[in-house]
Amino acid sequence: PFLNDYFHWFDKWFPLFGVLSVAIFSFYLLICGVKGCFKFGLRFLFFQVHPMKLNKTYMSSFLFNIGLVLLCALPVVQFSAVSFQDYARNTTISQVVNVQLKYLRFFGWFWRSKIFDYALLIIMLLTCVYLGCKPRDSTGKNSISLRDRLRSR
């Protein structure tokens with residue numbers, strides 16, 4: 001309710017401010033997703049999977065990270081449509097997410113049980129624990145030693 005009231009408050013001044021604030025907030029969520037995708041690409045468990053390095057990124061790594069970003073775009077749209085349903089009522093995305101998807105036979109149970117909300121919360125908590133234990137990226141020593149060990153076989 002806070003953000004919906006905040007956006008309505010901006011609309012009272014000038015309607016474009018409310019729309020811009022929704023766009024900025026949604027863009028911020030997507031940028032957070034991109035940052036998470038790059039963290040995932042840079043370190044996964046104990047080694048680098050698809051690192052993004054300046055002038056050293058393979059095309060397959062680039063496509064993998066773009067795929068992760070595209071996978072993050074759908075949850076951002078769904079989260080924004082559900083979170084701002086008071087502000088964005090009578091819009092097409094509100095009709096699709098909050099009405100049509102909500103009452104599909106298969107997905108209806110997920111919405112009534114709030115599975116998506118709990119999954120988002122669990123992923124956030126696991127990420128906080130993981131980044132609390134290992135907050136910084138390694139300098140690449142692990143990947144170099146792994147490469148040397150694999151070549152020695």
# chains A, B, ... in the order shown; residues from 1 in each chain; ligands from 1
>>> residues_around(residues="segment 77-83 of chain A", least_positions_apart="4", cutoff="9 Å", atoms="only C-alpha atoms", output="list in words")
Pro1, Leu3, Asn4, Val22, Phe25, Ser26, Leu29, Cys72, Ala73, Tyr87, Ala88, Ile93, Ser94, Val97, Asn98 and Asp117 of chain A
>>> write_last_selection(atoms="C-alpha atoms", output="PDB file, in the first residue's frame")
ATOM      1  CA  PRO A   1       0.000   0.000   0.000  1.00  0.00           C
ATOM      2  CA  LEU A   3       4.216   2.491  -2.853  1.00  0.00           C
ATOM      3  CA  ASN A   4       0.747   2.667  -4.402  1.00  0.00           C
ATOM      4  CA  VAL A  22       7.043   3.480 -11.423  1.00  0.00           C
ATOM      5  CA  PHE A  25      11.479   1.619  -9.561  1.00  0.00           C
ATOM      6  CA  SER A  26      10.899  -1.183 -12.093  1.00  0.00           C
ATOM      7  CA  LEU A  29      14.513  -3.954  -9.885  1.00  0.00           C
ATOM      8  CA  CYS A  72      14.769 -11.939 -14.719  1.00  0.00           C
ATOM      9  CA  ALA A  73      12.599  -9.582 -16.771  1.00  0.00           C
ATOM     10  CA  TYR A  87      -1.820   2.174  -9.163  1.00  0.00           C
ATOM     11  CA  ALA A  88      -1.831   0.183 -12.404  1.00  0.00           C
ATOM     12  CA  ILE A  93      -0.500  -6.011 -17.700  1.00  0.00           C
ATOM     13  CA  SER A  94      -2.768  -5.816 -14.684  1.00  0.00           C
ATOM     14  CA  VAL A  97      -1.237 -10.941 -14.467  1.00  0.00           C
ATOM     15  CA  ASN A  98      -3.831 -10.108 -11.834  1.00  0.00           C
ATOM     16  CA  ASP A 117       6.016 -14.708  -2.814  1.00  0.00           C
TER      17      ASP A 117
END
>>> select_by_dssp(residues="chain A", states="helix (DSSP H, G or I)", output="VMD selection string")
chain A and resid 2 to 13 15 to 42 59 to 83 92 to 101 105 to 112 115 to 133 141 to 152
>>> closest_residue(among="A:Leu131, A:Val76, A:Leu120, A:Leu104", to="Tyr28 of chain A", atoms="only C-alpha atoms")
A:Val76
>>> residues_around(residues="Phe116 of chain A", least_positions_apart="5", cutoff="10 Å", atoms="only C-alpha atoms", output="list in words")
Pro75, Gln78, Phe79, Phe110, Trp111, Leu121 and Ile122 of chain A
>>> write_last_selection(atoms="all heavy atoms", output="mmCIF file, in the first residue's frame")
data_model
loop_
_atom_site.group_PDB
_atom_site.id
_atom_site.type_symbol
_atom_site.label_atom_id
_atom_site.label_comp_id
_atom_site.auth_asym_id
_atom_site.auth_seq_id
_atom_site.Cartn_x
_atom_site.Cartn_y
_atom_site.Cartn_z
ATOM 1 N N PRO A 75 9.911 -12.038 -13.980
ATOM 2 C CA PRO A 75 9.533 -11.843 -12.576
ATOM 3 C C PRO A 75 9.454 -10.377 -12.165
ATOM 4 O O PRO A 75 8.629 -10.029 -11.311
ATOM 5 C CB PRO A 75 10.640 -12.559 -11.794
ATOM 6 C CG PRO A 75 11.212 -13.528 -12.727
ATOM 7 C CD PRO A 75 11.065 -12.926 -14.085
ATOM 8 N N GLN A 78 6.045 -9.273 -13.371
ATOM 9 C CA GLN A 78 5.008 -9.878 -12.534
ATOM 10 C C GLN A 78 4.992 -9.255 -11.147
ATOM 11 O O GLN A 78 3.934 -8.934 -10.608
ATOM 12 C CB GLN A 78 5.228 -11.396 -12.452
ATOM 13 C CG GLN A 78 4.129 -12.156 -11.779
ATOM 14 C CD GLN A 78 4.407 -12.480 -10.336
ATOM 15 O OE1 GLN A 78 5.544 -12.392 -9.871
ATOM 16 N NE2 GLN A 78 3.377 -12.822 -9.615
ATOM 17 N N PHE A 79 6.160 -9.047 -10.557
ATOM 18 C CA PHE A 79 6.242 -8.440 -9.229
ATOM 19 C C PHE A 79 5.718 -7.006 -9.250
ATOM 20 O O PHE A 79 4.986 -6.593 -8.342
ATOM 21 C CB PHE A 79 7.692 -8.480 -8.736
ATOM 22 C CG PHE A 79 7.885 -7.891 -7.375
ATOM 23 C CD1 PHE A 79 7.520 -8.602 -6.250
ATOM 24 C CD2 PHE A 79 8.426 -6.633 -7.223
ATOM 25 C CE1 PHE A 79 7.689 -8.061 -4.985
ATOM 26 C CE2 PHE A 79 8.602 -6.086 -5.975
ATOM 27 C CZ PHE A 79 8.234 -6.805 -4.848
ATOM 28 N N PHE A 110 -1.047 -21.733 -7.213
ATOM 29 C CA PHE A 110 0.189 -21.056 -6.838
ATOM 30 C C PHE A 110 -0.092 -19.646 -6.318
ATOM 31 O O PHE A 110 0.536 -19.190 -5.379
ATOM 32 C CB PHE A 110 1.153 -20.984 -8.029
ATOM 33 C CG PHE A 110 1.740 -22.317 -8.405
ATOM 34 C CD1 PHE A 110 1.327 -22.966 -9.559
ATOM 35 C CD2 PHE A 110 2.693 -22.916 -7.620
ATOM 36 C CE1 PHE A 110 1.867 -24.181 -9.902
ATOM 37 C CE2 PHE A 110 3.248 -24.133 -7.961
ATOM 38 C CZ PHE A 110 2.825 -24.773 -9.100
ATOM 39 N N TRP A 111 -1.044 -18.950 -6.955
ATOM 40 C CA TRP A 111 -1.372 -17.598 -6.506
ATOM 41 C C TRP A 111 -2.107 -17.625 -5.169
ATOM 42 O O TRP A 111 -1.828 -16.799 -4.303
ATOM 43 C CB TRP A 111 -2.232 -16.879 -7.554
ATOM 44 C CG TRP A 111 -1.486 -15.790 -8.241
ATOM 45 C CD1 TRP A 111 -1.341 -14.532 -7.799
ATOM 46 C CD2 TRP A 111 -0.776 -15.869 -9.462
ATOM 47 N NE1 TRP A 111 -0.582 -13.806 -8.688
ATOM 48 C CE2 TRP A 111 -0.226 -14.604 -9.718
ATOM 49 C CE3 TRP A 111 -0.554 -16.877 -10.392
ATOM 50 C CZ2 TRP A 111 0.509 -14.314 -10.834
ATOM 51 C CZ3 TRP A 111 0.177 -16.594 -11.500
ATOM 52 C CH2 TRP A 111 0.713 -15.335 -11.717
ATOM 53 N N LEU A 121 11.036 -14.825 -1.321
ATOM 54 C CA LEU A 121 11.581 -14.620 0.011
ATOM 55 C C LEU A 121 12.693 -15.623 0.325
ATOM 56 O O LEU A 121 13.740 -15.258 0.861
ATOM 57 C CB LEU A 121 10.465 -14.732 1.054
ATOM 58 C CG LEU A 121 10.863 -14.495 2.498
ATOM 59 C CD1 LEU A 121 11.340 -13.068 2.699
ATOM 60 C CD2 LEU A 121 9.699 -14.800 3.413
ATOM 61 N N ILE A 122 12.494 -16.885 -0.032
ATOM 62 C CA ILE A 122 13.504 -17.918 0.225
ATOM 63 C C ILE A 122 14.772 -17.646 -0.577
ATOM 64 O O ILE A 122 15.888 -17.746 -0.050
ATOM 65 C CB ILE A 122 12.929 -19.318 -0.088
ATOM 66 C CG1 ILE A 122 11.896 -19.695 0.974
ATOM 67 C CG2 ILE A 122 14.028 -20.356 -0.178
ATOM 68 C CD1 ILE A 122 11.094 -20.918 0.635
#
>>> atom_distance(atom1="atom CA of Phe62 of chain A", atom2="atom CA of Ile24 of chain A")
25.5 Å
>>> atom_distance(atom1="atom CA of Ser60 of chain A", atom2="atom CA of Arg151 of chain A")
21.8 Å
